[in-house]
Amino acid sequence: MVNSLRPSPKMIWTAKPLKDYELTTFTRTRLNPKQRKQQLLNSAIQVFARRGIGRAAHADIAEDTGVSVPTVFNYFKTREDLVDAVLTHVETYFVNLANEYHLNQDQEPLSALEAHSFSLLKKAEESPELVKIWLEWSSSVRNDTWPRYIAFQDKILDIMEPTIQKGLDQGTMNSQLNARDLARIMFGQAHPVTLASFAPNPPISDMVRFVQLGMYALLGIQKA
């Protein structure tokens, strides 16, 4: 039995900042090659979030960063290289985020799933560029990016599935669906809810409640 629909604020917003993948601000000083490439990647993430995966180009990043177009090509030789670098960054960010909540064997399955789901809402506020790219990528059924998104999604499902299976084995969750299918539905439901976070003055408490109710219904959890 679950005693309360509303988690504490502490439980909702305990996502640890993924410092290695947050955008870094560089001052206008001479940068070494590693710093320059990171600066260009940071700019690329902002440009991709603003213009879209299919439209962002080397020239946009050059303008955004204040460098020449050849400088951008020096670090990202082709558009494919540029897209690969951005999507690799986004993928690593969200895989690491999932691992933070699901690799703790001592945490109750429901708590891990709730914390992971709520963290996506928080990341829309903390790292909106990364979230926007993820959301677009998830709906871009194009030959150049879709197969890679499916592979990325499978990594997330591989992380979520054991958590759900543990809840099914413990009897705290109940469903005719298997753990993999439940993970697929749950991750899919995260997209529209996270997208709603970008509405003006989003009702966070309502979205949290919506996520919880949907999760409880999907996992066969009865509230008190």
# chains A, B, ... in the order shown; residues from 1 in each chain; ligands from 1
call {"tool": "closest_atom_pairs", "arguments": {"of": "segment 69-148 of chain A", "to": "segment 39-44 of chain A", "cutoff": "8 Å", "atoms": "only C-alpha atoms", "output": "JSON lines"}}
result
{"residue": "A:Val72", "atom": "CA", "partner": "A:Leu40", "partner_atom": "CA", "distance": 7.1}
{"residue": "A:Leu82", "atom": "CA", "partner": "A:Ala44", "partner_atom": "CA", "distance": 7.9}
{"residue": "A:Ala85", "atom": "CA", "partner": "A:Leu41", "partner_atom": "CA", "distance": 7.4}
{"residue": "A:Val86", "atom": "CA", "partner": "A:Leu41", "partner_atom": "CA", "distance": 6.9}
call {"tool": "write_last_selection", "arguments": {"atoms": "N, CA, C and O atoms", "output": "PDB file, in the first residue's frame"}}
result
ATOM      1  N   VAL A  72      35.259  25.990 -36.721  1.00  0.00           N
ATOM      2  CA  VAL A  72      34.307  24.952 -36.325  1.00  0.00           C
ATOM      3  C   VAL A  72      34.570  23.672 -37.107  1.00  0.00           C
ATOM      4  O   VAL A  72      34.567  22.570 -36.540  1.00  0.00           O
ATOM      5  N   LEU A  82      29.347  16.620 -36.280  1.00  0.00           N
ATOM      6  CA  LEU A  82      28.726  17.577 -35.369  1.00  0.00           C
ATOM      7  C   LEU A  82      27.504  16.971 -34.705  1.00  0.00           C
ATOM      8  O   LEU A  82      27.340  17.047 -33.476  1.00  0.00           O
ATOM      9  N   ALA A  85      28.493  14.316 -32.169  1.00  0.00           N
ATOM     10  CA  ALA A  85      29.026  14.850 -30.910  1.00  0.00           C
ATOM     11  C   ALA A  85      27.893  15.325 -30.002  1.00  0.00           C
ATOM     12  O   ALA A  85      27.893  15.064 -28.786  1.00  0.00           O
ATOM     13  N   VAL A  86      26.911  16.013 -30.570  1.00  0.00           N
ATOM     14  CA  VAL A  86      25.795  16.524 -29.771  1.00  0.00           C
ATOM     15  C   VAL A  86      24.954  15.378 -29.228  1.00  0.00           C
ATOM     16  O   VAL A  86      24.612  15.345 -28.029  1.00  0.00           O
TER      17      VAL A  86
END
call {"tool": "residues_around", "arguments": {"residues": "Leu218 of chain A", "least_positions_apart": "3", "cutoff": "12 Å", "atoms": "only C-alpha atoms", "output": "mmCIF file with all heavy atoms, in the first residue's frame"}}
result
data_model
loop_
_atom_site.group_PDB
_atom_site.id
_atom_site.type_symbol
_atom_site.label_atom_id
_atom_site.label_comp_id
_atom_site.auth_asym_id
_atom_site.auth_seq_id
_atom_site.Cartn_x
_atom_site.Cartn_y
_atom_site.Cartn_z
ATOM 1 N N LEU A 110 9.847 1.388 -6.285
ATOM 2 C CA LEU A 110 8.928 2.496 -6.552
ATOM 3 C C LEU A 110 9.615 3.842 -6.322
ATOM 4 O O LEU A 110 9.439 4.783 -7.108
ATOM 5 C CB LEU A 110 7.681 2.389 -5.672
ATOM 6 C CG LEU A 110 6.656 3.513 -5.851
ATOM 7 C CD1 LEU A 110 6.156 3.583 -7.290
ATOM 8 C CD2 LEU A 110 5.481 3.329 -4.884
ATOM 9 N N ILE A 164 11.983 -2.493 -12.214
ATOM 10 C CA ILE A 164 10.586 -2.906 -12.296
ATOM 11 C C ILE A 164 10.446 -4.396 -12.002
ATOM 12 O O ILE A 164 9.518 -4.819 -11.300
ATOM 13 C CB ILE A 164 10.012 -2.563 -13.680
ATOM 14 C CG1 ILE A 164 10.042 -1.047 -13.900
ATOM 15 C CG2 ILE A 164 8.594 -3.090 -13.835
ATOM 16 C CD1 ILE A 164 9.645 -0.607 -15.285
ATOM 17 N N MET A 173 4.434 -4.567 -7.027
ATOM 18 C CA MET A 173 3.879 -4.142 -8.306
ATOM 19 C C MET A 173 3.185 -5.336 -8.932
ATOM 20 O O MET A 173 3.569 -6.491 -8.708
ATOM 21 C CB MET A 173 4.988 -3.617 -9.230
ATOM 22 C CG MET A 173 5.753 -2.439 -8.676
ATOM 23 S SD MET A 173 7.149 -1.960 -9.725
ATOM 24 C CE MET A 173 7.934 -0.709 -8.692
ATOM 25 N N ASN A 174 2.173 -5.056 -9.737
ATOM 26 C CA ASN A 174 1.394 -6.141 -10.332
ATOM 27 C C ASN A 174 0.942 -5.739 -11.725
ATOM 28 O O ASN A 174 0.346 -4.670 -11.910
ATOM 29 C CB ASN A 174 0.182 -6.463 -9.461
ATOM 30 C CG ASN A 174 -0.653 -7.579 -10.047
ATOM 31 O OD1 ASN A 174 -0.128 -8.611 -10.458
ATOM 32 N ND2 ASN A 174 -1.952 -7.369 -10.111
ATOM 33 N N SER A 175 1.261 -6.563 -12.719
ATOM 34 C CA SER A 175 0.852 -6.262 -14.087
ATOM 35 C C SER A 175 0.896 -7.520 -14.925
ATOM 36 O O SER A 175 1.685 -8.438 -14.660
ATOM 37 C CB SER A 175 1.775 -5.200 -14.710
ATOM 38 O OG SER A 175 1.449 -4.977 -16.066
ATOM 39 N N GLN A 176 0.056 -7.568 -15.948
ATOM 40 C CA GLN A 176 0.106 -8.665 -16.907
ATOM 41 C C GLN A 176 1.213 -8.444 -17.934
ATOM 42 O O GLN A 176 1.558 -9.361 -18.677
ATOM 43 C CB GLN A 176 -1.244 -8.808 -17.611
ATOM 44 C CG GLN A 176 -2.377 -9.226 -16.676
ATOM 45 C CD GLN A 176 -3.690 -9.418 -17.409
ATOM 46 O OE1 GLN A 176 -3.738 -9.427 -18.640
ATOM 47 N NE2 GLN A 176 -4.769 -9.589 -16.662
ATOM 48 N N LEU A 177 1.742 -7.239 -17.975
ATOM 49 C CA LEU A 177 2.851 -6.932 -18.869
ATOM 50 C C LEU A 177 4.168 -7.319 -18.212
ATOM 51 O O LEU A 177 4.275 -7.339 -16.980
ATOM 52 C CB LEU A 177 2.867 -5.442 -19.210
ATOM 53 C CG LEU A 177 1.648 -4.902 -19.950
ATOM 54 C CD1 LEU A 177 1.741 -3.379 -20.073
ATOM 55 C CD2 LEU A 177 1.521 -5.527 -21.328
ATOM 56 N N ASN A 178 5.179 -7.604 -19.024
ATOM 57 C CA ASN A 178 6.482 -7.905 -18.444
ATOM 58 C C ASN A 178 7.228 -6.617 -18.127
ATOM 59 O O ASN A 178 6.809 -5.521 -18.513
ATOM 60 C CB ASN A 178 7.303 -8.812 -19.379
ATOM 61 C CG ASN A 178 7.577 -8.186 -20.739
ATOM 62 O OD1 ASN A 178 7.869 -6.995 -20.844
ATOM 63 N ND2 ASN A 178 7.485 -8.993 -21.799
ATOM 64 N N ALA A 179 8.341 -6.757 -17.426
ATOM 65 C CA ALA A 179 9.080 -5.580 -16.951
ATOM 66 C C ALA A 179 9.584 -4.730 -18.109
ATOM 67 O O ALA A 179 9.614 -3.493 -18.016
ATOM 68 C CB ALA A 179 10.242 -6.027 -16.068
ATOM 69 N N ASP A 181 8.215 -4.279 -21.137
ATOM 70 C CA ASP A 181 7.112 -3.510 -21.702
ATOM 71 C C ASP A 181 6.692 -2.379 -20.774
ATOM 72 O O ASP A 181 6.372 -1.273 -21.224
ATOM 73 C CB ASP A 181 5.923 -4.420 -21.988
ATOM 74 C CG ASP A 181 6.173 -5.350 -23.167
ATOM 75 O OD1 ASP A 181 7.054 -5.044 -23.984
ATOM 76 O OD2 ASP A 181 5.495 -6.394 -23.257
ATOM 77 N N LEU A 182 6.702 -2.639 -19.470
ATOM 78 C CA LEU A 182 6.359 -1.596 -18.506
ATOM 79 C C LEU A 182 7.379 -0.451 -18.563
ATOM 80 O O LEU A 182 7.006 0.724 -18.500
ATOM 81 C CB LEU A 182 6.283 -2.185 -17.102
ATOM 82 C CG LEU A 182 5.119 -3.142 -16.840
ATOM 83 C CD1 LEU A 182 5.318 -3.861 -15.504
ATOM 84 C CD2 LEU A 182 3.787 -2.395 -16.849
ATOM 85 N N ALA A 183 8.649 -0.800 -18.682
ATOM 86 C CA ALA A 183 9.685 0.230 -18.784
ATOM 87 C C ALA A 183 9.502 1.050 -20.056
ATOM 88 O O ALA A 183 9.636 2.284 -20.041
ATOM 89 C CB ALA A 183 11.071 -0.415 -18.774
ATOM 90 N N ARG A 184 9.147 0.387 -21.145
ATOM 91 C CA ARG A 184 8.960 1.083 -22.418
ATOM 92 C C ARG A 184 7.796 2.077 -22.325
ATOM 93 O O ARG A 184 7.890 3.218 -22.777
ATOM 94 C CB ARG A 184 8.699 0.068 -23.532
ATOM 95 C CG ARG A 184 8.752 0.669 -24.930
ATOM 96 C CD ARG A 184 8.418 -0.401 -25.980
ATOM 97 N NE ARG A 184 9.210 -1.597 -25.798
ATOM 98 C CZ ARG A 184 10.457 -1.745 -26.250
ATOM 99 N NH1 ARG A 184 11.031 -0.747 -26.907
ATOM 100 N NH2 ARG A 184 11.113 -2.868 -26.053
ATOM 101 N N ILE A 185 6.692 1.648 -21.722
ATOM 102 C CA ILE A 185 5.539 2.538 -21.577
ATOM 103 C C ILE A 185 5.875 3.707 -20.654
ATOM 104 O O ILE A 185 5.543 4.862 -20.939
ATOM 105 C CB ILE A 185 4.328 1.750 -21.039
ATOM 106 C CG1 ILE A 185 3.867 0.714 -22.069
ATOM 107 C CG2 ILE A 185 3.175 2.698 -20.697
ATOM 108 C CD1 ILE A 185 2.828 -0.249 -21.540
ATOM 109 N N MET A 186 6.546 3.418 -19.560
ATOM 110 C CA MET A 186 6.853 4.459 -18.586
ATOM 111 C C MET A 186 7.786 5.516 -19.175
ATOM 112 O O MET A 186 7.571 6.723 -18.986
ATOM 113 C CB MET A 186 7.486 3.829 -17.341
ATOM 114 C CG MET A 186 7.537 4.744 -16.138
ATOM 115 S SD MET A 186 8.103 3.851 -14.658
ATOM 116 C CE MET A 186 6.860 2.570 -14.574
ATOM 117 N N PHE A 187 8.803 5.078 -19.907
ATOM 118 C CA PHE A 187 9.720 6.032 -20.524
ATOM 119 C C PHE A 187 8.999 6.827 -21.616
ATOM 120 O O PHE A 187 9.235 8.023 -21.787
ATOM 121 C CB PHE A 187 10.934 5.307 -21.096
ATOM 122 C CG PHE A 187 12.022 6.227 -21.575
ATOM 123 C CD1 PHE A 187 12.602 7.156 -20.716
ATOM 124 C CD2 PHE A 187 12.478 6.174 -22.889
ATOM 125 C CE1 PHE A 187 13.608 8.015 -21.151
ATOM 126 C CE2 PHE A 187 13.487 7.025 -23.335
ATOM 127 C CZ PHE A 187 14.049 7.945 -22.467
ATOM 128 N N GLN A 189 5.854 7.646 -21.589
ATOM 129 C CA GLN A 189 4.971 8.615 -20.940
ATOM 130 C C GLN A 189 5.735 9.832 -20.425
ATOM 131 O O GLN A 189 5.141 10.891 -20.203
ATOM 132 C CB GLN A 189 4.219 7.940 -19.781
ATOM 133 C CG GLN A 189 3.164 6.950 -20.229
ATOM 134 C CD GLN A 189 2.503 6.236 -19.067
ATOM 135 O OE1 GLN A 189 3.063 6.153 -17.961
ATOM 136 N NE2 GLN A 189 1.312 5.698 -19.284
ATOM 137 N N VAL A 211 2.159 12.211 -13.038
ATOM 138 C CA VAL A 211 3.173 11.166 -13.203
ATOM 139 C C VAL A 211 2.930 10.045 -12.203
ATOM 140 O O VAL A 211 2.982 8.855 -12.542
ATOM 141 C CB VAL A 211 4.590 11.753 -13.028
ATOM 142 C CG1 VAL A 211 5.632 10.631 -12.919
ATOM 143 C CG2 VAL A 211 4.925 12.672 -14.200
ATOM 144 N N GLN A 212 2.657 10.412 -10.957
ATOM 145 C CA GLN A 212 2.445 9.407 -9.919
ATOM 146 C C GLN A 212 1.222 8.559 -10.186
ATOM 147 O O GLN A 212 1.266 7.328 -10.103
ATOM 148 C CB GLN A 212 2.322 10.080 -8.554
ATOM 149 C CG GLN A 212 3.572 9.950 -7.727
ATOM 150 C CD GLN A 212 3.348 10.426 -6.302
ATOM 151 O OE1 GLN A 212 2.463 11.227 -6.019
ATOM 152 N NE2 GLN A 212 4.154 9.947 -5.405
ATOM 153 N N LEU A 213 0.111 9.203 -10.507
ATOM 154 C CA LEU A 213 -1.115 8.457 -10.755
ATOM 155 C C LEU A 213 -0.956 7.507 -11.943
ATOM 156 O O LEU A 213 -1.413 6.358 -11.907
ATOM 157 C CB LEU A 213 -2.272 9.424 -11.006
ATOM 158 C CG LEU A 213 -2.802 10.181 -9.777
ATOM 159 C CD1 LEU A 213 -3.828 11.233 -10.193
ATOM 160 C CD2 LEU A 213 -3.406 9.210 -8.772
ATOM 161 N N GLY A 214 -0.307 8.004 -13.012
ATOM 162 C CA GLY A 214 -0.076 7.153 -14.171
ATOM 163 C C GLY A 214 0.823 5.973 -13.842
ATOM 164 O O GLY A 214 0.588 4.846 -14.283
ATOM 165 N N MET A 215 1.839 6.219 -13.025
ATOM 166 C CA MET A 215 2.758 5.159 -12.637
ATOM 167 C C MET A 215 2.063 4.116 -11.782
ATOM 168 O O MET A 215 2.219 2.909 -11.988
ATOM 169 C CB MET A 215 3.947 5.764 -11.878
ATOM 170 C CG MET A 215 5.049 4.776 -11.544
ATOM 171 S SD MET A 215 6.413 5.563 -10.632
ATOM 172 C CE MET A 215 6.956 6.779 -11.831
ATOM 173 N N ILE A 221 -0.386 -0.469 -8.506
ATOM 174 C CA ILE A 221 -0.159 -0.083 -7.114
ATOM 175 C C ILE A 221 -1.412 0.593 -6.577
ATOM 176 O O ILE A 221 -1.935 1.525 -7.180
ATOM 177 C CB ILE A 221 1.040 0.873 -6.999
ATOM 178 C CG1 ILE A 221 2.319 0.140 -7.472
ATOM 179 C CG2 ILE A 221 1.205 1.385 -5.584
ATOM 180 C CD1 ILE A 221 3.510 1.052 -7.586
ATOM 181 N N GLN A 222 -1.905 0.107 -5.449
ATOM 182 C CA GLN A 222 -3.091 0.659 -4.840
ATOM 183 C C GLN A 222 -2.702 1.671 -3.776
ATOM 184 O O GLN A 222 -1.912 1.371 -2.883
ATOM 185 C CB GLN A 222 -3.931 -0.450 -4.190
ATOM 186 C CG GLN A 222 -4.431 -1.516 -5.172
ATOM 187 C CD GLN A 222 -5.414 -0.935 -6.177
ATOM 188 O OE1 GLN A 222 -6.263 -0.097 -5.832
ATOM 189 N NE2 GLN A 222 -5.321 -1.391 -7.412
#
call {"tool": "residues_around", "arguments": {"residues": "segment 91-104 of chain A", "least_positions_apart": "3", "cutoff": "7 Å", "atoms": "only C-alpha atoms", "output": "list in words"}}
result
Tyr21, Leu87, Thr88, Gln107, Ala112, Ala115, His116, Phe152, Ile156, Ile159, Met160 and Thr163 of chain A
call {"tool": "write_last_selection", "arguments": {"atoms": "N, CA and C atoms", "output": "compact mmCIF listing (two decimals), in the first residue's frame"}}
result
# COMPACT_ATOMS: atom_id res chain seq x y z
N TYR A 21 28.54 17.08 -17.70
CA TYR A 21 27.75 17.21 -18.91
C TYR A 21 26.93 18.49 -18.94
N LEU A 87 24.60 14.42 -30.08
CA LEU A 87 23.75 13.32 -29.62
C LEU A 87 24.48 12.41 -28.63
N THR A 88 25.79 12.26 -28.80
CA THR A 88 26.57 11.49 -27.82
C THR A 88 26.51 12.16 -26.46
N GLN A 107 17.68 0.78 -2.72
CA GLN A 107 16.51 1.64 -2.85
C GLN A 107 15.29 0.84 -3.29
N ALA A 112 12.78 4.53 -6.63
CA ALA A 112 13.72 4.77 -7.72
C ALA A 112 13.00 5.26 -8.97
N ALA A 115 11.69 8.87 -8.38
CA ALA A 115 12.77 9.86 -8.38
C ALA A 115 13.30 10.09 -9.80
N HIS A 116 13.44 9.02 -10.57
CA HIS A 116 13.90 9.14 -11.95
C HIS A 116 12.91 9.96 -12.78
N PHE A 152 19.66 4.22 -28.09
CA PHE A 152 19.73 4.99 -26.84
C PHE A 152 18.58 4.61 -25.92
N ILE A 156 18.34 2.99 -21.87
CA ILE A 156 17.53 3.44 -20.74
C ILE A 156 16.64 2.32 -20.23
N ILE A 159 18.34 -0.15 -18.08
CA ILE A 159 18.57 0.35 -16.73
C ILE A 159 17.30 0.26 -15.89
N MET A 160 16.15 0.60 -16.50
CA MET A 160 14.88 0.62 -15.77
C MET A 160 14.31 -0.77 -15.53
N THR A 163 14.79 -2.69 -12.17
CA THR A 163 14.07 -2.05 -11.07
C THR A 163 12.62 -2.49 -11.05
call {"tool": "atom_distance", "arguments": {"atom1": "atom CA of Lys123 of chain A", "atom2": "atom CA of Ser197 of chain A"}}
result
9.6 Å
call {"tool": "residues_around", "arguments": {"residues": "segment 55-57 of chain A", "least_positions_apart": "6", "cutoff": "12 Å", "atoms": "only C-alpha atoms", "output": "PyMOL selection string"}}
result
chain A and resi 40+43-49+63-64+69+72-73+76-83+86+133
call {"tool": "write_last_selection", "arguments": {"atoms": "N, CA and C atoms", "output": "short mmCIF file (atom, residue, chain, number, x, y, z; two decimals), in the first residue's frame"}}
result
data_model
loop_
_atom_site.label_atom_id
_atom_site.label_comp_id
_atom_site.auth_asym_id
_atom_site.auth_seq_id
_atom_site.Cartn_x
_atom_site.Cartn_y
_atom_site.Cartn_z
N LEU A 40 32.87 24.90 -28.39
CA LEU A 40 32.09 24.73 -29.61
C LEU A 40 30.96 23.72 -29.40
N SER A 43 28.21 25.41 -27.49
CA SER A 43 27.47 26.26 -28.41
C SER A 43 26.57 25.43 -29.31
N ALA A 44 27.10 24.29 -29.78
CA ALA A 44 26.31 23.42 -30.66
C ALA A 44 25.05 22.93 -29.96
N ILE A 45 25.16 22.61 -28.68
CA ILE A 45 23.99 22.14 -27.93
C ILE A 45 22.93 23.24 -27.86
N GLN A 46 23.35 24.46 -27.62
CA GLN A 46 22.40 25.57 -27.58
C GLN A 46 21.77 25.82 -28.95
N VAL A 47 22.59 25.75 -29.99
CA VAL A 47 22.08 25.97 -31.35
C VAL A 47 21.13 24.85 -31.76
N PHE A 48 21.48 23.61 -31.47
CA PHE A 48 20.61 22.47 -31.81
C PHE A 48 19.28 22.59 -31.08
N ALA A 49 19.31 23.01 -29.83
CA ALA A 49 18.06 23.17 -29.07
C ALA A 49 17.20 24.28 -29.66
N GLU A 63 28.83 31.68 -35.57
CA GLU A 63 28.23 32.97 -35.21
C GLU A 63 27.94 33.05 -33.72
N ASP A 64 27.44 31.96 -33.16
CA ASP A 64 27.10 31.94 -31.74
C ASP A 64 28.33 32.06 -30.86
N VAL A 69 33.96 30.13 -39.39
CA VAL A 69 33.38 28.84 -39.78
C VAL A 69 34.46 27.78 -39.95
N VAL A 72 35.26 25.99 -36.72
CA VAL A 72 34.31 24.95 -36.32
C VAL A 72 34.57 23.67 -37.11
N PHE A 73 34.82 23.81 -38.42
CA PHE A 73 35.11 22.64 -39.24
C PHE A 73 36.42 21.97 -38.82
N PHE A 76 35.03 19.77 -35.98
CA PHE A 76 33.96 18.87 -36.40
C PHE A 76 33.97 18.87 -37.93
N LYS A 77 34.63 17.88 -38.52
CA LYS A 77 34.97 17.89 -39.94
C LYS A 77 33.74 17.91 -40.85
N THR A 78 32.67 17.25 -40.43
CA THR A 78 31.47 17.15 -41.25
C THR A 78 30.25 17.44 -40.38
N ARG A 79 29.11 17.63 -41.01
CA ARG A 79 27.88 17.80 -40.25
C ARG A 79 27.55 16.53 -39.47
N GLU A 80 27.88 15.38 -40.04
CA GLU A 80 27.65 14.12 -39.34
C GLU A 80 28.46 14.06 -38.05
N ASP A 81 29.69 14.56 -38.09
CA ASP A 81 30.52 14.61 -36.88
C ASP A 81 29.90 15.51 -35.83
N LEU A 82 29.35 16.62 -36.28
CA LEU A 82 28.73 17.58 -35.37
C LEU A 82 27.50 16.97 -34.71
N VAL A 83 26.63 16.36 -35.50
CA VAL A 83 25.43 15.72 -34.96
C VAL A 83 25.82 14.60 -34.00
N VAL A 86 26.91 16.01 -30.57
CA VAL A 86 25.79 16.52 -29.77
C VAL A 86 24.95 15.38 -29.23
N ILE A 133 16.63 18.84 -26.97
CA ILE A 133 17.22 17.99 -28.00
C ILE A 133 16.72 16.56 -27.84
#
call {"tool": "select_by_dssp", "arguments": {"residues": "segment 18-126 of chain A", "states": "helix (DSSP H, G or I)", "output": "VMD selection string"}}
result
chain A and resid 19 to 21 33 to 51 58 to 65 69 to 75 79 to 102 109 to 126
call {"tool": "write_last_selection", "arguments": {"atoms": "C-alpha atoms", "output": "PDB file, in the first residue's frame"}}
result
ATOM      1  CA  LYS A  19      28.591  18.360 -13.758  1.00  0.00           C
ATOM      2  CA  ASP A  20      30.615  16.737 -16.500  1.00  0.00           C
ATOM      3  CA  TYR A  21      27.748  17.206 -18.914  1.00  0.00           C
ATOM      4  CA  PRO A  33      42.304  22.804 -28.283  1.00  0.00           C
ATOM      5  CA  LYS A  34      40.408  20.792 -25.652  1.00  0.00           C
ATOM      6  CA  GLN A  35      38.773  23.906 -24.211  1.00  0.00           C
ATOM      7  CA  ARG A  36      37.940  25.224 -27.680  1.00  0.00           C
ATOM      8  CA  LYS A  37      36.275  21.980 -28.694  1.00  0.00           C
ATOM      9  CA  GLN A  38      34.239  21.973 -25.483  1.00  0.00           C
ATOM     10  CA  GLN A  39      33.249  25.595 -26.090  1.00  0.00           C
ATOM     11  CA  LEU A  40      32.087  24.728 -29.606  1.00  0.00           C
ATOM     12  CA  LEU A  41      30.186  21.687 -28.338  1.00  0.00           C
ATOM     13  CA  ASN A  42      28.454  23.807 -25.698  1.00  0.00           C
ATOM     14  CA  SER A  43      27.471  26.255 -28.405  1.00  0.00           C
ATOM     15  CA  ALA A  44      26.310  23.418 -30.661  1.00  0.00           C
ATOM     16  CA  ILE A  45      23.987  22.142 -27.931  1.00  0.00           C
ATOM     17  CA  GLN A  46      22.395  25.571 -27.579  1.00  0.00           C
ATOM     18  CA  VAL A  47      22.077  25.969 -31.347  1.00  0.00           C
ATOM     19  CA  PHE A  48      20.615  22.474 -31.806  1.00  0.00           C
ATOM     20  CA  ALA A  49      18.063  23.171 -29.072  1.00  0.00           C
ATOM     21  CA  ARG A  50      17.128  26.468 -30.720  1.00  0.00           C
ATOM     22  CA  ARG A  51      17.179  25.558 -34.427  1.00  0.00           C
ATOM     23  CA  HIS A  58      28.587  24.931 -38.556  1.00  0.00           C
ATOM     24  CA  ALA A  59      27.907  28.553 -39.515  1.00  0.00           C
ATOM     25  CA  ASP A  60      25.346  28.908 -36.716  1.00  0.00           C
ATOM     26  CA  ILE A  61      27.856  27.681 -34.165  1.00  0.00           C
ATOM     27  CA  ALA A  62      30.561  29.977 -35.526  1.00  0.00           C
ATOM     28  CA  GLU A  63      28.226  32.967 -35.213  1.00  0.00           C
ATOM     29  CA  ASP A  64      27.099  31.936 -31.741  1.00  0.00           C
ATOM     30  CA  THR A  65      30.675  31.458 -30.510  1.00  0.00           C
ATOM     31  CA  VAL A  69      33.377  28.844 -39.783  1.00  0.00           C
ATOM     32  CA  PRO A  70      36.674  27.076 -40.674  1.00  0.00           C
ATOM     33  CA  THR A  71      37.478  26.949 -36.951  1.00  0.00           C
ATOM     34  CA  VAL A  72      34.307  24.952 -36.325  1.00  0.00           C
ATOM     35  CA  PHE A  73      35.111  22.636 -39.236  1.00  0.00           C
ATOM     36  CA  ASN A  74      38.586  22.149 -37.782  1.00  0.00           C
ATOM     37  CA  TYR A  75      37.022  20.420 -34.752  1.00  0.00           C
ATOM     38  CA  ARG A  79      27.876  17.803 -40.252  1.00  0.00           C
ATOM     39  CA  GLU A  80      27.646  14.117 -39.341  1.00  0.00           C
ATOM     40  CA  ASP A  81      30.523  14.605 -36.884  1.00  0.00           C
ATOM     41  CA  LEU A  82      28.726  17.577 -35.369  1.00  0.00           C
ATOM     42  CA  VAL A  83      25.428  15.718 -34.960  1.00  0.00           C
ATOM     43  CA  ASP A  84      27.262  12.716 -33.530  1.00  0.00           C
ATOM     44  CA  ALA A  85      29.026  14.850 -30.910  1.00  0.00           C
ATOM     45  CA  VAL A  86      25.795  16.524 -29.771  1.00  0.00           C
ATOM     46  CA  LEU A  87      23.747  13.317 -29.622  1.00  0.00           C
ATOM     47  CA  THR A  88      26.565  11.491 -27.821  1.00  0.00           C
ATOM     48  CA  HIS A  89      26.570  14.225 -25.190  1.00  0.00           C
ATOM     49  CA  VAL A  90      22.781  14.094 -24.779  1.00  0.00           C
ATOM     50  CA  GLU A  91      22.749  10.300 -24.668  1.00  0.00           C
ATOM     51  CA  THR A  92      25.495  10.108 -22.052  1.00  0.00           C
ATOM     52  CA  TYR A  93      23.765  12.736 -19.924  1.00  0.00           C
ATOM     53  CA  PHE A  94      20.459  10.871 -19.746  1.00  0.00           C
ATOM     54  CA  VAL A  95      22.014   7.426 -19.360  1.00  0.00           C
ATOM     55  CA  ASN A  96      24.047   8.715 -16.404  1.00  0.00           C
ATOM     56  CA  LEU A  97      20.917  10.315 -14.970  1.00  0.00           C
ATOM     57  CA  ALA A  98      19.051   6.993 -15.127  1.00  0.00           C
ATOM     58  CA  ASN A  99      21.970   5.167 -13.530  1.00  0.00           C
ATOM     59  CA  GLU A 100      21.918   7.562 -10.569  1.00  0.00           C
ATOM     60  CA  TYR A 101      18.469   6.302  -9.588  1.00  0.00           C
ATOM     61  CA  HIS A 102      18.453   2.652 -10.618  1.00  0.00           C
ATOM     62  CA  PRO A 109      11.825   0.049  -6.741  1.00  0.00           C
ATOM     63  CA  LEU A 110       8.928   2.496  -6.552  1.00  0.00           C
ATOM     64  CA  SER A 111      11.118   5.194  -4.980  1.00  0.00           C
ATOM     65  CA  ALA A 112      13.722   4.773  -7.720  1.00  0.00           C
ATOM     66  CA  LEU A 113      11.124   5.009 -10.487  1.00  0.00           C
ATOM     67  CA  GLU A 114       9.475   8.061  -8.926  1.00  0.00           C
ATOM     68  CA  ALA A 115      12.771   9.861  -8.385  1.00  0.00           C
ATOM     69  CA  HIS A 116      13.903   9.138 -11.951  1.00  0.00           C
ATOM     70  CA  SER A 117      10.600  10.375 -13.403  1.00  0.00           C
ATOM     71  CA  PHE A 118      10.531  13.526 -11.281  1.00  0.00           C
ATOM     72  CA  SER A 119      14.155  14.292 -12.172  1.00  0.00           C
ATOM     73  CA  LEU A 120      13.190  14.644 -15.841  1.00  0.00           C
ATOM     74  CA  LEU A 121      10.785  17.426 -14.883  1.00  0.00           C
ATOM     75  CA  LYS A 122      13.524  19.128 -12.908  1.00  0.00           C
ATOM     76  CA  LYS A 123      16.025  18.785 -15.763  1.00  0.00           C
ATOM     77  CA  ALA A 124      13.641  20.699 -18.026  1.00  0.00           C
ATOM     78  CA  GLU A 125      14.373  23.631 -15.705  1.00  0.00           C
ATOM     79  CA  GLU A 126      18.068  22.967 -15.037  1.00  0.00           C
TER      80      GLU A 126
END
call {"tool": "decode", "arguments": {"residues": "segment 111-115 of chain A", "atoms": "N, CA and C atoms", "output": "short mmCIF file (atom, residue, chain, number, x, y, z; two decimals), in the first residue's frame"}}
result
data_model
loop_
_atom_site.label_atom_id
_atom_site.label_comp_id
_atom_site.auth_asym_id
_atom_site.auth_seq_id
_atom_site.Cartn_x
_atom_site.Cartn_y
_atom_site.Cartn_z
N SER A 111 10.41 3.95 -5.27
CA SER A 111 11.12 5.19 -4.98
C SER A 111 12.09 5.54 -6.09
N ALA A 112 12.78 4.53 -6.63
CA ALA A 112 13.72 4.77 -7.72
C ALA A 112 13.00 5.26 -8.97
N LEU A 113 11.88 4.63 -9.29
CA LEU A 113 11.12 5.01 -10.49
C LEU A 113 10.53 6.41 -10.35
N GLU A 114 10.02 6.72 -9.15
CA GLU A 114 9.48 8.06 -8.93
C GLU A 114 10.57 9.12 -9.04
N ALA A 115 11.69 8.87 -8.38
CA ALA A 115 12.77 9.86 -8.38
C ALA A 115 13.30 10.09 -9.80
#
